[in-house]
Every structure is written in C-alpha cells, then in structure tokens.
$ cat data37.txt   # compact mmCIF, C-alpha atoms
# COMPACT_ATOMS: atom_id res chain seq x y z
CA MET A 1 -13.47 -204.37 -36.93
CA ILE A 2 -13.49 -201.51 -39.44
CA TYR A 3 -10.61 -199.12 -40.09
CA THR A 4 -11.21 -195.78 -41.83
CA ASP A 5 -9.00 -193.04 -43.23
CA GLY A 6 -9.16 -189.92 -45.38
CA SER A 7 -6.21 -188.72 -47.43
CA GLY A 8 -5.04 -185.99 -49.77
CA TYR A 9 -2.99 -187.50 -52.58
CA GLU A 10 -2.03 -186.34 -56.08
CA GLY A 11 -4.28 -183.27 -55.80
CA ALA A 12 -7.37 -185.27 -54.87
CA ILE A 13 -9.15 -186.16 -51.62
CA GLY A 14 -9.94 -189.81 -51.05
CA ALA A 15 -11.63 -191.85 -48.31
CA ALA A 16 -11.57 -195.55 -47.50
CA ALA A 17 -12.94 -198.07 -45.04
CA VAL A 18 -11.50 -201.58 -44.60
CA LEU A 19 -13.27 -204.44 -42.81
CA TYR A 20 -11.38 -207.09 -40.84
CA HIS A 21 -12.90 -210.20 -39.26
CA ASN A 22 -10.82 -212.61 -37.17
CA SER A 23 -7.69 -210.70 -38.28
CA ASN A 24 -8.51 -211.34 -41.94
CA LYS A 25 -9.34 -208.61 -44.42
CA ARG A 26 -12.86 -209.15 -45.75
CA GLY A 27 -13.39 -206.12 -47.96
CA GLU A 28 -13.01 -202.39 -48.52
CA LEU A 29 -14.86 -199.37 -49.88
CA ARG A 30 -13.23 -196.33 -51.48
CA TYR A 31 -14.60 -192.93 -52.44
CA ARG A 32 -13.09 -190.02 -54.36
CA LEU A 33 -14.49 -186.73 -53.04
CA GLY A 34 -12.87 -184.57 -55.72
CA TYR A 35 -9.95 -182.19 -56.02
CA ASP A 36 -8.28 -180.67 -52.96
CA THR A 37 -9.42 -177.24 -54.21
CA GLN A 38 -13.02 -178.36 -53.54
CA HIS A 39 -12.69 -180.57 -50.46
CA THR A 40 -10.55 -180.99 -47.34
CA VAL A 41 -8.82 -184.00 -45.78
CA PHE A 42 -11.13 -183.58 -42.78
CA GLU A 43 -14.11 -184.12 -45.08
CA GLY A 44 -12.32 -187.21 -46.31
CA GLU A 45 -12.02 -188.50 -42.72
CA LEU A 46 -15.76 -188.08 -42.12
CA THR A 47 -16.62 -189.62 -45.49
CA ALA A 48 -14.51 -192.63 -44.55
CA VAL A 49 -16.53 -193.02 -41.33
CA LEU A 50 -19.72 -192.89 -43.43
CA LEU A 51 -18.36 -195.75 -45.52
CA GLY A 52 -18.01 -197.88 -42.35
CA PRO A 53 -21.68 -198.80 -41.71
CA GLN A 54 -22.23 -199.39 -45.42
CA LEU A 55 -19.24 -201.73 -45.56
CA ALA A 56 -20.62 -203.68 -42.59
CA ARG A 57 -24.00 -203.80 -44.31
CA ASN A 58 -22.44 -205.32 -47.44
CA PHE A 59 -21.52 -208.43 -45.45
CA ALA A 60 -24.35 -210.64 -44.24
CA GLU A 61 -22.83 -211.99 -41.00
CA ARG A 62 -24.71 -211.25 -37.80
CA ARG A 63 -22.82 -209.09 -35.33
CA SER A 64 -23.42 -207.77 -31.84
CA LYS A 65 -20.79 -205.03 -32.02
CA ILE A 66 -19.05 -203.02 -34.71
CA THR A 67 -15.93 -201.03 -33.90
CA ILE A 68 -14.96 -198.27 -36.33
CA ASN A 69 -11.33 -197.28 -35.82
CA ILE A 70 -10.46 -193.68 -36.76
CA ASP A 71 -6.98 -192.15 -36.70
CA ASN A 72 -8.31 -188.58 -36.51
CA GLN A 73 -9.39 -187.35 -33.07
CA ALA A 74 -11.03 -184.24 -34.52
CA ALA A 75 -13.45 -186.45 -36.47
CA ILE A 76 -14.47 -188.27 -33.29
CA LEU A 77 -14.95 -185.00 -31.36
CA THR A 78 -17.01 -183.61 -34.24
CA MET A 79 -19.40 -186.56 -33.95
CA LYS A 80 -20.01 -185.64 -30.29
CA ASN A 81 -20.53 -181.92 -30.91
CA PRO A 82 -24.24 -181.06 -31.41
CA ARG A 83 -23.60 -177.52 -32.70
CA PRO A 84 -23.44 -176.66 -36.42
CA GLN A 85 -19.90 -177.07 -37.70
CA ALA A 86 -17.82 -177.83 -40.78
CA ALA A 87 -19.22 -180.71 -42.88
CA GLN A 88 -22.26 -180.96 -40.60
CA TYR A 89 -24.24 -182.75 -43.32
CA LEU A 90 -21.72 -185.62 -43.25
CA VAL A 91 -21.98 -185.90 -39.46
CA GLN A 92 -25.76 -186.08 -39.71
CA ALA A 93 -25.54 -188.69 -42.48
CA ILE A 94 -23.21 -190.83 -40.34
CA LYS A 95 -25.55 -190.72 -37.35
CA ARG A 96 -28.59 -191.55 -39.50
CA ASP A 97 -26.84 -194.46 -41.17
CA MET A 98 -25.64 -195.90 -37.85
CA ALA A 99 -29.18 -195.72 -36.46
CA THR A 100 -30.54 -197.38 -39.61
CA LEU A 101 -27.98 -200.18 -39.40
CA LYS A 102 -28.96 -200.87 -35.79
CA LYS A 103 -32.63 -201.14 -36.80
CA GLU A 104 -31.74 -203.48 -39.66
CA GLU A 105 -29.80 -205.72 -37.29
CA ALA A 106 -32.65 -205.70 -34.76
CA ALA A 107 -35.06 -206.80 -37.50
CA LYS A 108 -32.84 -209.79 -38.28
CA ALA A 109 -32.75 -210.99 -34.67
CA THR A 110 -34.57 -214.28 -34.13
CA CYS A 111 -33.91 -214.51 -30.39
CA THR A 112 -35.62 -212.02 -28.09
CA ASN A 113 -32.74 -212.30 -25.60
CA ARG A 114 -30.17 -211.28 -28.16
CA PRO A 115 -28.51 -207.99 -27.07
CA GLU A 116 -28.89 -204.90 -29.24
CA MET A 117 -26.01 -204.31 -31.63
CA THR A 118 -23.66 -201.49 -30.64
CA ILE A 119 -21.46 -199.32 -32.83
CA GLU A 120 -18.34 -197.88 -31.24
CA LEU A 121 -16.05 -195.17 -32.58
CA SER A 122 -12.49 -195.77 -31.43
CA TRP A 123 -9.34 -193.72 -31.92
CA VAL A 124 -6.24 -195.49 -33.19
CA ALA A 125 -2.91 -193.67 -33.49
CA GLY A 126 -1.89 -193.13 -37.10
CA HIS A 127 1.13 -195.10 -38.32
CA SER A 128 1.23 -197.04 -35.05
CA GLY A 129 1.95 -200.35 -36.75
CA SER A 130 -1.70 -201.38 -36.94
CA ILE A 131 -2.17 -203.53 -40.04
CA GLY A 132 -5.76 -202.37 -40.46
CA ASN A 133 -4.85 -198.70 -40.11
CA GLU A 134 -1.99 -198.98 -42.59
CA GLU A 135 -4.28 -200.73 -45.08
CA ALA A 136 -6.94 -198.01 -44.71
CA ASP A 137 -4.27 -195.35 -45.35
CA LYS A 138 -3.18 -197.22 -48.49
CA GLN A 139 -6.76 -197.60 -49.75
CA ALA A 140 -7.52 -193.89 -49.13
CA LYS A 141 -4.80 -192.91 -51.61
CA LEU A 142 -6.12 -195.17 -54.39
CA PRO A 143 -9.20 -193.08 -55.35
CA ALA A 144 -6.88 -190.34 -56.67
CA GLU A 145 -5.90 -192.68 -59.51
CA HIS A 146 -8.57 -195.37 -59.61
CA GLY A 147 -11.71 -193.56 -58.50
CA SER A 148 -14.46 -194.77 -56.17
CA SER A 149 -15.79 -198.25 -55.56
CA ALA A 150 -18.79 -199.45 -57.58
CA ILE A 151 -21.60 -196.94 -57.10
CA HIS A 152 -24.17 -199.51 -55.93
CA THR A 153 -21.90 -200.49 -53.02
CA LEU A 154 -21.69 -196.92 -51.68
CA PRO A 155 -24.03 -195.15 -49.21
CA PRO A 156 -26.83 -193.23 -51.01
CA LEU A 157 -25.31 -189.83 -50.13
CA LEU A 158 -22.09 -190.73 -51.94
CA ARG A 159 -23.74 -191.81 -55.17
CA ASN A 160 -23.76 -188.15 -56.26
CA PRO A 161 -20.98 -185.52 -56.04
CA LEU A 162 -20.63 -183.87 -52.63
CA PRO A 163 -21.07 -180.08 -52.35
CA THR A 164 -17.94 -177.96 -52.46
CA SER A 165 -16.46 -177.39 -49.01
CA ILE A 166 -16.62 -173.85 -47.60
CA SER A 167 -13.36 -174.54 -45.73
CA ALA A 168 -11.59 -175.49 -48.96
CA THR A 169 -12.93 -172.36 -50.66
CA LYS A 170 -11.67 -170.17 -47.80
CA GLN A 171 -8.22 -171.74 -48.10
CA ILE A 172 -8.15 -170.82 -51.79
CA ILE A 173 -9.21 -167.22 -51.10
CA ASP A 174 -6.58 -166.84 -48.36
CA LYS A 175 -3.87 -167.67 -50.89
CA LEU A 176 -5.08 -165.17 -53.49
CA THR A 177 -4.15 -161.54 -53.84
CA MET A 178 -7.00 -159.07 -53.33
CA GLU A 179 -7.44 -158.50 -57.07
CA ALA A 180 -7.42 -162.23 -57.81
CA ALA A 181 -9.89 -162.84 -54.99
CA LYS A 182 -12.28 -160.21 -56.35
CA SER A 183 -12.04 -161.74 -59.81
CA TRP A 184 -12.81 -165.18 -58.37
CA TRP A 185 -15.76 -163.83 -56.35
CA LYS A 186 -17.39 -162.16 -59.37
CA LYS A 187 -17.67 -165.58 -61.00
CA SER A 188 -19.57 -166.96 -58.01
CA LYS A 189 -23.33 -167.63 -58.24
CA ARG A 190 -23.79 -165.66 -55.01
CA TYR A 191 -22.12 -162.53 -56.33
CA LYS A 192 -25.27 -160.96 -57.77
CA ARG A 193 -27.26 -161.29 -54.52
CA THR A 194 -24.55 -159.80 -52.32
CA ASN A 195 -23.65 -157.16 -54.90
CA ASP A 196 -27.13 -155.69 -54.55
CA ILE A 197 -26.39 -155.10 -50.85
CA ASP A 198 -22.77 -154.01 -50.99
CA PRO A 199 -20.41 -154.41 -53.99
CA SER A 200 -17.43 -154.78 -51.63
CA LEU A 201 -18.78 -157.96 -49.97
CA PRO A 202 -17.25 -160.05 -48.63
CA PHE A 203 -13.98 -158.16 -48.65
CA MET A 204 -12.41 -155.24 -46.78
CA LYS A 205 -15.52 -153.23 -45.90
CA TYR A 206 -17.43 -156.30 -44.70
CA THR A 207 -14.41 -157.61 -42.79
CA LYS A 208 -14.05 -154.27 -41.05
CA ALA A 209 -17.78 -154.06 -40.31
CA THR A 210 -17.84 -157.47 -38.63
CA GLU A 211 -14.72 -156.88 -36.58
CA GLY A 212 -15.42 -157.73 -32.96
CA LEU A 213 -18.32 -160.10 -33.72
CA ASN A 214 -18.06 -163.72 -32.74
CA ARG A 215 -18.26 -166.62 -35.17
CA ARG A 216 -21.99 -167.26 -34.68
CA GLN A 217 -22.87 -163.60 -35.19
CA THR A 218 -20.76 -163.36 -38.35
CA SER A 219 -22.25 -166.60 -39.67
CA LEU A 220 -25.80 -165.31 -39.17
CA LEU A 221 -24.93 -161.99 -40.82
CA THR A 222 -23.40 -163.75 -43.82
CA GLN A 223 -26.53 -165.87 -44.20
CA LEU A 224 -28.64 -162.70 -44.21
CA CYS A 225 -26.42 -161.19 -46.91
CA ILE A 226 -26.63 -164.19 -49.26
CA GLY A 227 -30.25 -165.07 -48.51
CA HIS A 228 -29.53 -168.36 -46.77
CA ILE A 229 -31.07 -167.62 -43.38
CA PRO A 230 -33.57 -170.41 -42.58
CA LEU A 231 -36.74 -168.60 -43.67
CA ASN A 232 -39.55 -170.49 -45.38
CA LYS A 233 -38.77 -169.34 -48.93
CA HIS A 234 -35.16 -170.51 -48.70
CA LEU A 235 -36.12 -173.74 -46.91
CA HIS A 236 -38.68 -174.44 -49.64
CA ARG A 237 -36.07 -173.80 -52.33
CA ILE A 238 -33.72 -176.42 -50.83
CA LYS A 239 -36.67 -178.82 -50.26
CA ARG A 240 -36.63 -178.56 -46.46
CA HIS A 241 -40.11 -177.03 -46.16
CA ASP A 242 -43.37 -177.75 -47.97
CA ASN A 243 -44.49 -174.15 -48.29
CA PRO A 244 -42.52 -170.96 -49.07
CA ASN A 245 -45.20 -168.80 -47.40
CA TRP A 246 -45.12 -167.59 -43.80
CA PRO A 247 -48.18 -168.83 -41.81
CA HIS A 248 -48.62 -165.44 -40.10
CA CYS A 249 -48.88 -163.71 -43.50
CA PRO A 250 -50.97 -166.05 -45.74
CA GLY A 251 -50.03 -166.03 -49.40
CA THR A 252 -46.78 -164.14 -48.79
CA PRO A 253 -43.41 -165.87 -49.36
CA GLU A 254 -41.14 -165.37 -46.38
CA ASP A 255 -37.88 -163.92 -47.71
CA ILE A 256 -35.30 -161.53 -46.25
CA ASN A 257 -37.19 -158.34 -47.22
CA HIS A 258 -40.46 -159.62 -45.78
CA TYR A 259 -38.77 -160.70 -42.57
CA LEU A 260 -36.83 -157.48 -42.01
CA PHE A 261 -39.33 -154.86 -43.21
CA ARG A 262 -42.93 -156.09 -43.59
CA CYS A 263 -43.92 -159.05 -41.41
CA ASN A 264 -46.57 -157.95 -38.88
CA LYS A 265 -45.56 -160.67 -36.43
CA TYR A 266 -42.34 -158.75 -35.72
CA ALA A 267 -43.84 -155.24 -35.71
CA THR A 268 -42.96 -154.69 -32.05
CA HIS A 269 -39.33 -155.74 -32.55
CA ARG A 270 -39.16 -153.63 -35.71
CA HIS A 271 -40.51 -150.59 -33.86
CA LYS A 272 -37.64 -150.87 -31.39
CA LEU A 273 -35.20 -151.12 -34.30
CA VAL A 274 -36.65 -147.98 -35.92
CA THR A 275 -36.54 -146.13 -32.59
CA ASN A 276 -32.82 -146.88 -32.29
CA ILE A 277 -31.59 -146.23 -35.83
CA LYS A 278 -34.40 -144.16 -37.43
CA ARG A 279 -34.67 -144.21 -41.24
CA LYS A 280 -31.70 -146.53 -41.63
CA ALA A 281 -33.90 -149.34 -40.31
CA PHE A 282 -35.47 -149.48 -43.80
CA SER A 283 -32.18 -149.80 -45.69
CA THR A 284 -30.76 -153.28 -46.27
CA PRO A 285 -27.20 -152.01 -46.95
CA HIS A 286 -27.19 -150.13 -43.64
CA LEU A 287 -28.68 -153.03 -41.68
CA LEU A 288 -26.11 -155.52 -43.00
CA THR A 289 -22.93 -153.51 -43.55
CA ASP A 290 -22.82 -150.55 -41.16
CA PRO A 291 -20.42 -151.44 -38.28
CA VAL A 292 -22.72 -149.92 -35.62
CA ILE A 293 -26.13 -150.76 -37.08
CA ILE A 294 -25.14 -154.40 -37.61
CA ARG A 295 -25.38 -154.85 -33.85
CA HIS A 296 -28.94 -153.54 -33.82
CA THR A 297 -29.77 -155.96 -36.65
CA LEU A 298 -28.37 -158.89 -34.68
CA ASN A 299 -30.43 -157.89 -31.65
CA PHE A 300 -33.56 -157.71 -33.82
CA VAL A 301 -32.95 -161.21 -35.21
CA ASN A 302 -32.17 -162.55 -31.74
CA ALA A 303 -35.40 -161.06 -30.33
CA THR A 304 -37.52 -162.74 -33.03
CA TRP A 305 -36.11 -166.18 -32.14
CA ARG A 306 -35.92 -167.16 -35.83
CA SER A 307 -32.37 -168.51 -35.66
CA THR A 308 -31.95 -169.36 -31.99
CA HIS A 309 -32.31 -173.11 -32.67
CA ILE A 310 -29.26 -172.91 -34.95
CA HIS A 311 -27.04 -170.09 -33.68
CA GLY A 312 -28.12 -169.76 -30.05
CA ASP A 313 -27.93 -166.30 -28.48
CA ILE A 314 -26.48 -163.89 -31.07
CA SER A 315 -27.32 -160.63 -29.26
CA ALA A 316 -24.63 -157.94 -29.55
CA ASP A 317 -23.39 -155.18 -27.29
CA LEU A 318 -24.31 -151.80 -28.74
CA LYS A 319 -21.69 -149.20 -29.57
CA ASP A 320 -22.15 -145.48 -29.31
CA ASP A 321 -23.07 -143.91 -32.66
CA ASN A 322 -19.90 -141.82 -32.49
CA ASP A 323 -17.78 -144.95 -32.17
CA ARG A 324 -17.75 -145.69 -35.88
CA SER A 325 -14.61 -147.00 -37.50

$ encode --input "data37.txt" --output "structure tokens"
Amino acid sequence: MIYTDGSGYEGAIGAAAVLYHNSNKRGELRYRLGYDTQHTVFEGELTAVLLGPQLARNFAERRSKITINIDNQAAILTMKNPRPQAAQYLVQAIKRDMATLKKEEAAKATCTNRPEMTIELSWVAGHSGSIGNEEADKQAKLPAEHGSSAIHTLPPLLRNPLPTSISATKQIIDKLTMEAAKSWWKKSKRYKRTNDIDPSLPFMKYTKATEGLNRRQTSLLTQLCIGHIPLNKHLHRIKRHDNPNWPHCPGTPEDINHYLFRCNKYATHRHKLVTNIKRKAFSTPHLLTDPVIIRHTLNFVNATWRSTHIHGDISADLKDDNDRS
C-alpha cells in the first residue's frame, strides 16, 4: 500500500510517497520540485504518483498487487485522459514506469501460474484520519526545508530539475500589471521569436485576435508563433526526430516558413489560402495575428493534417472580411 501527496509549503512545492506493508511503514521518498513560482501543487501530486512505482521497486518483496492511494481526484482523472493537458510529460512518465515495473515483476516470476501484478490507483479522502495519508502529507512538506531523497533512489526523470510549469507562469502573469508583465516577457527566451511576428504578443492585440477561438485552436496558434509546432526541425531540436529535413523536400529543414510558404506537398492547400486572402497569405504577421485571417490559417493547418494527432479538428468558422474588430 502506497500513499502519495503533493504540497505547497514555505514557498516551495514538494512531493512524497510512503510505503506501508502489513500496517507498518516501510519507507518513503521525497522530492522538491522547486519554488511555487515555477511549479504548481498539481504537478506535485503527479510527481508523488511517479515516486510510487520507484518506492515499490526499492523494496525487493514479491507482490501481486500495488495500490497507490491519491487524495487528489484531478490527478486520477488526468491519468485517464488521453488528450494533451497540463504536466502531460509527468503523466506519460508515470504510465511508462508502471508498465516497466510490471515487466520487471513478470521477469522475477518463477511460477508460470502466478498471476500478473496489477497496479491500482485509488482515491482516498484527504484528512480522513488515514494514517498513511497523514504521513504522506507530512512527508510532502519536508522537501521545502530538507530537500529531496538521495538522488539514486529517485526515478530517472527526477534526477534532474523539472521544466518550469506553464500554469505557474500564467498565474504569475495574471497577478502582474500590464507594464510589469511586458517587462517580464521581454526577459523571456521566446521574446525574440515572437517579437519578429508581432511586438505586442502575447498581450492585448493577440488576446483580442484569438477571441472566440477554443483552447485547442489557441494552443496551435501559440505554437506557430513561438516555433513549437511539431515540425521536423523543432522535433529534431528537442531530440524527438532523427532528421530536421522534410522527406517531401530533400535537404530542406522543415520549419514554420517552409511549412507555411514553400513546401510543395501543401501547394493545393496554399492555393486555397491565397485565393481567400490574396497577398496576405505570404505575410506571417497577418497569418498569425489578424483576427479574420487567423481562421483561414487554422483551416490551412487543419487541411494539411500536420497537427491532427495532437489537437484534433482545429478548423474554424470564417468571418466576413468586414467583421473585423
């Protein structure tokens, strides 16, 4: 039986997992994610779940079932949701680690009739008097002062600092005045790329331009603006693809400009775009910031199927050219 918890305490986010066997505490793992300006308590909850399989792995006893008790229902629902979401990389790491642990247990089995080990995620009400849950809550506060457990006892993903949470960053921006937010943004590594498209990004003009779009459409548009759409050049840069070039255009790195303006594979889709918006189809600022043209851009991307596996259908209803705001 494993109990997990994430906590914000003394300006830091911590996570902990505690293992009980026959009602006796056998061990715990703790991890300090960082300051609450960089991470959220929800990230802490998922990190605590990631500690669970590793904690079970640190003890050699054979087991047919592991129950991981979580006092956060959102964390459990997130594990069941296949769509991209906040802290998706942690969800994927949890699923991979659980699958690996099952394989490790299967390899240890000496009896062919032994049932396959199961891992169950169970919700337990917070502060319900559960000794294990209370202990996990206590342990999750300790990393704020005492740091993480020994690095060799942690899952591989947690042996290096976790990336800053987008949700935590948004919370900071929401609390800033407009001038303070602009000052903060200009210090960002992404400022130069978006500044080439529109110096006002991602503030009032961009907010107004994306008004009426759903979350998936806005997410895709933001990725286009900062160069993070899953094209080969970006995937190669983050070591998710072996080659930055696009197979349909040998020797040519597939970046945003190539995708939008030059790739012959999408000539038919591009012709339709040019027919609809004329010369503005060759202007990145217009394609990504004009409130009306943005919808044509989304339809172009949707027709090429380059992001459907991530965002699904992101086609947009077209507005009349006179309906500009």

$ residues_around --input "data37.txt" --residues "Leu90 of chain A" --least-positions-apart "3" --cutoff "7 Å" --atoms "all atoms listed in the file" --output "mmCIF file with C-alpha atoms, in the coordinates of the input"
data_model
loop_
_atom_site.group_PDB
_atom_site.id
_atom_site.type_symbol
_atom_site.label_atom_id
_atom_site.label_comp_id
_atom_site.auth_asym_id
_atom_site.auth_seq_id
_atom_site.Cartn_x
_atom_site.Cartn_y
_atom_site.Cartn_z
ATOM 1 C CA LEU A 46 -15.760 -188.080 -42.120
ATOM 2 C CA THR A 47 -16.620 -189.620 -45.490
ATOM 3 C CA ALA A 87 -19.220 -180.710 -42.880
ATOM 4 C CA ALA A 93 -25.540 -188.690 -42.480
ATOM 5 C CA ILE A 94 -23.210 -190.830 -40.340
#

$ closest_residue --input "data37.txt" --among "A:Leu142, A:Val292, A:Ala150, A:Met117" --to "Glu104 of chain A" --atoms "only C-alpha atoms"
A:Met117

$ atom_distance --input "data37.txt" --atom1 "atom CA of Asn69 of chain A" --atom2 "atom CA of Ile166 of chain A"
26.8 Å

$ residues_around --input "data37.txt" --residues "Leu298 of chain A" --least-positions-apart "6" --cutoff "9 Å" --atoms "all atoms listed in the file" --output "mmCIF file with C-alpha atoms, in the coordinates of the input"
data_model
loop_
_atom_site.group_PDB
_atom_site.id
_atom_site.type_symbol
_atom_site.label_atom_id
_atom_site.label_comp_id
_atom_site.auth_asym_id
_atom_site.auth_seq_id
_atom_site.Cartn_x
_atom_site.Cartn_y
_atom_site.Cartn_z
ATOM 1 C CA GLN A 217 -22.870 -163.600 -35.190
ATOM 2 C CA LEU A 220 -25.800 -165.310 -39.170
ATOM 3 C CA LEU A 221 -24.930 -161.990 -40.820
ATOM 4 C CA ILE A 314 -26.480 -163.890 -31.070
ATOM 5 C CA SER A 315 -27.320 -160.630 -29.260
ATOM 6 C CA ALA A 316 -24.630 -157.940 -29.550
#

$ closest_residue --input "data37.txt" --among "A:Lys265, A:Arg295, A:Lys170, A:Arg240" --to "Leu318 of chain A" --atoms "all atoms listed in the file"
A:Arg295

$ atom_distance --input "data37.txt" --atom1 "atom CA of Asn245 of chain A" --atom2 "atom CA of His258 of chain A"
10.5 Å

$ closest_residue --input "data37.txt" --among "A:Leu157, A:Ile238, A:Ala180, A:Ile229" --to "Thr308 of chain A" --atoms "all atoms listed in the file"
A:Ile229

$ atom_distance --input "data37.txt" --atom1 "atom CA of Thr222 of chain A" --atom2 "atom CA of Leu77 of chain A"
26.0 Å

$ residues_around --input "data37.txt" --residues "Tyr9 of chain A" --least-positions-apart "2" --cutoff "6 Å" --atoms "all atoms listed in the file" --output "ChimeraX atom specification"
/A:11-12,141

$ build_atoms --input "data37.txt" --residues "segment 261-290 of chain A" --atoms "N, CA and C atoms" --output "mmCIF file, in the frame of the given file"
data_model
loop_
_atom_site.group_PDB
_atom_site.id
_atom_site.type_symbol
_atom_site.label_atom_id
_atom_site.label_comp_id
_atom_site.auth_asym_id
_atom_site.auth_seq_id
_atom_site.Cartn_x
_atom_site.Cartn_y
_atom_site.Cartn_z
ATOM 1 N N PHE A 261 -38.618 -156.132 -43.042
ATOM 2 C CA PHE A 261 -39.330 -154.860 -43.210
ATOM 3 C C PHE A 261 -40.856 -154.941 -43.146
ATOM 4 N N ARG A 262 -41.477 -156.107 -43.414
ATOM 5 C CA ARG A 262 -42.930 -156.090 -43.590
ATOM 6 C C ARG A 262 -43.726 -157.011 -42.663
ATOM 7 N N CYS A 263 -43.144 -158.060 -42.160
ATOM 8 C CA CYS A 263 -43.920 -159.050 -41.410
ATOM 9 C C CYS A 263 -44.529 -158.435 -40.143
ATOM 10 N N ASN A 264 -45.867 -158.534 -40.031
ATOM 11 C CA ASN A 264 -46.570 -157.950 -38.880
ATOM 12 C C ASN A 264 -46.248 -158.650 -37.569
ATOM 13 N N LYS A 265 -45.858 -159.912 -37.651
ATOM 14 C CA LYS A 265 -45.560 -160.670 -36.430
ATOM 15 C C LYS A 265 -44.426 -160.003 -35.646
ATOM 16 N N TYR A 266 -43.508 -159.344 -36.374
ATOM 17 C CA TYR A 266 -42.340 -158.750 -35.720
ATOM 18 C C TYR A 266 -42.433 -157.226 -35.659
ATOM 19 N N ALA A 267 -43.656 -156.700 -35.705
ATOM 20 C CA ALA A 267 -43.840 -155.240 -35.710
ATOM 21 C C ALA A 267 -43.277 -154.597 -34.438
ATOM 22 N N THR A 268 -43.463 -155.252 -33.305
ATOM 23 C CA THR A 268 -42.960 -154.690 -32.050
ATOM 24 C C THR A 268 -41.434 -154.633 -32.049
ATOM 25 N N HIS A 269 -40.804 -155.706 -32.499
ATOM 26 C CA HIS A 269 -39.330 -155.740 -32.550
ATOM 27 C C HIS A 269 -38.820 -154.713 -33.572
ATOM 28 N N ARG A 270 -39.572 -154.572 -34.675
ATOM 29 C CA ARG A 270 -39.160 -153.630 -35.710
ATOM 30 C C ARG A 270 -39.296 -152.190 -35.212
ATOM 31 N N HIS A 271 -40.324 -151.934 -34.426
ATOM 32 C CA HIS A 271 -40.510 -150.590 -33.860
ATOM 33 C C HIS A 271 -39.308 -150.202 -32.994
ATOM 34 N N LYS A 272 -38.819 -151.142 -32.217
ATOM 35 C CA LYS A 272 -37.640 -150.870 -31.390
ATOM 36 C C LYS A 272 -36.423 -150.593 -32.257
ATOM 37 N N LEU A 273 -36.313 -151.331 -33.367
ATOM 38 C CA LEU A 273 -35.200 -151.120 -34.300
ATOM 39 C C LEU A 273 -35.267 -149.725 -34.899
ATOM 40 N N VAL A 274 -36.466 -149.313 -35.326
ATOM 41 C CA VAL A 274 -36.650 -147.980 -35.920
ATOM 42 C C VAL A 274 -36.364 -146.895 -34.889
ATOM 43 N N THR A 275 -36.790 -147.109 -33.665
ATOM 44 C CA THR A 275 -36.540 -146.130 -32.590
ATOM 45 C C THR A 275 -35.047 -145.903 -32.399
ATOM 46 N N ASN A 276 -34.266 -146.972 -32.528
ATOM 47 C CA ASN A 276 -32.820 -146.880 -32.290
ATOM 48 C C ASN A 276 -32.049 -146.286 -33.452
ATOM 49 N N ILE A 277 -32.433 -146.636 -34.689
ATOM 50 C CA ILE A 277 -31.590 -146.230 -35.830
ATOM 51 C C ILE A 277 -32.342 -145.409 -36.877
ATOM 52 N N LYS A 278 -33.607 -145.061 -36.582
ATOM 53 C CA LYS A 278 -34.400 -144.160 -37.430
ATOM 54 C C LYS A 278 -34.555 -144.705 -38.854
ATOM 55 N N ARG A 279 -34.390 -143.824 -39.857
ATOM 56 C CA ARG A 279 -34.670 -144.210 -41.240
ATOM 57 C C ARG A 279 -33.780 -145.327 -41.752
ATOM 58 N N LYS A 280 -32.621 -145.489 -41.162
ATOM 59 C CA LYS A 280 -31.700 -146.530 -41.630
ATOM 60 C C LYS A 280 -32.248 -147.932 -41.380
ATOM 61 N N ALA A 281 -33.288 -148.031 -40.571
ATOM 62 C CA ALA A 281 -33.900 -149.340 -40.310
ATOM 63 C C ALA A 281 -34.598 -149.886 -41.544
ATOM 64 N N PHE A 282 -34.795 -149.044 -42.579
ATOM 65 C CA PHE A 282 -35.470 -149.480 -43.800
ATOM 66 C C PHE A 282 -34.498 -149.623 -44.963
ATOM 67 N N SER A 283 -33.214 -149.676 -44.666
ATOM 68 C CA SER A 283 -32.180 -149.800 -45.690
ATOM 69 C C SER A 283 -31.376 -151.087 -45.471
ATOM 70 N N THR A 284 -31.495 -152.021 -46.401
ATOM 71 C CA THR A 284 -30.760 -153.280 -46.270
ATOM 72 C C THR A 284 -29.252 -153.073 -46.193
ATOM 73 N N PRO A 285 -28.658 -152.225 -47.061
ATOM 74 C CA PRO A 285 -27.200 -152.010 -46.950
ATOM 75 C C PRO A 285 -26.773 -151.527 -45.571
ATOM 76 N N HIS A 286 -27.554 -150.622 -44.965
ATOM 77 C CA HIS A 286 -27.190 -150.130 -43.640
ATOM 78 C C HIS A 286 -27.340 -151.242 -42.593
ATOM 79 N N LEU A 287 -28.426 -151.986 -42.662
ATOM 80 C CA LEU A 287 -28.680 -153.030 -41.680
ATOM 81 C C LEU A 287 -27.595 -154.113 -41.683
ATOM 82 N N LEU A 288 -27.016 -154.376 -42.867
ATOM 83 C CA LEU A 288 -26.110 -155.520 -43.000
ATOM 84 C C LEU A 288 -24.655 -155.155 -43.195
ATOM 85 N N THR A 289 -24.331 -153.862 -43.324
ATOM 86 C CA THR A 289 -22.930 -153.510 -43.550
ATOM 87 C C THR A 289 -22.399 -152.407 -42.642
ATOM 88 N N ASP A 290 -23.282 -151.621 -42.027
ATOM 89 C CA ASP A 290 -22.820 -150.550 -41.160
ATOM 90 C C ASP A 290 -22.283 -151.140 -39.852
#
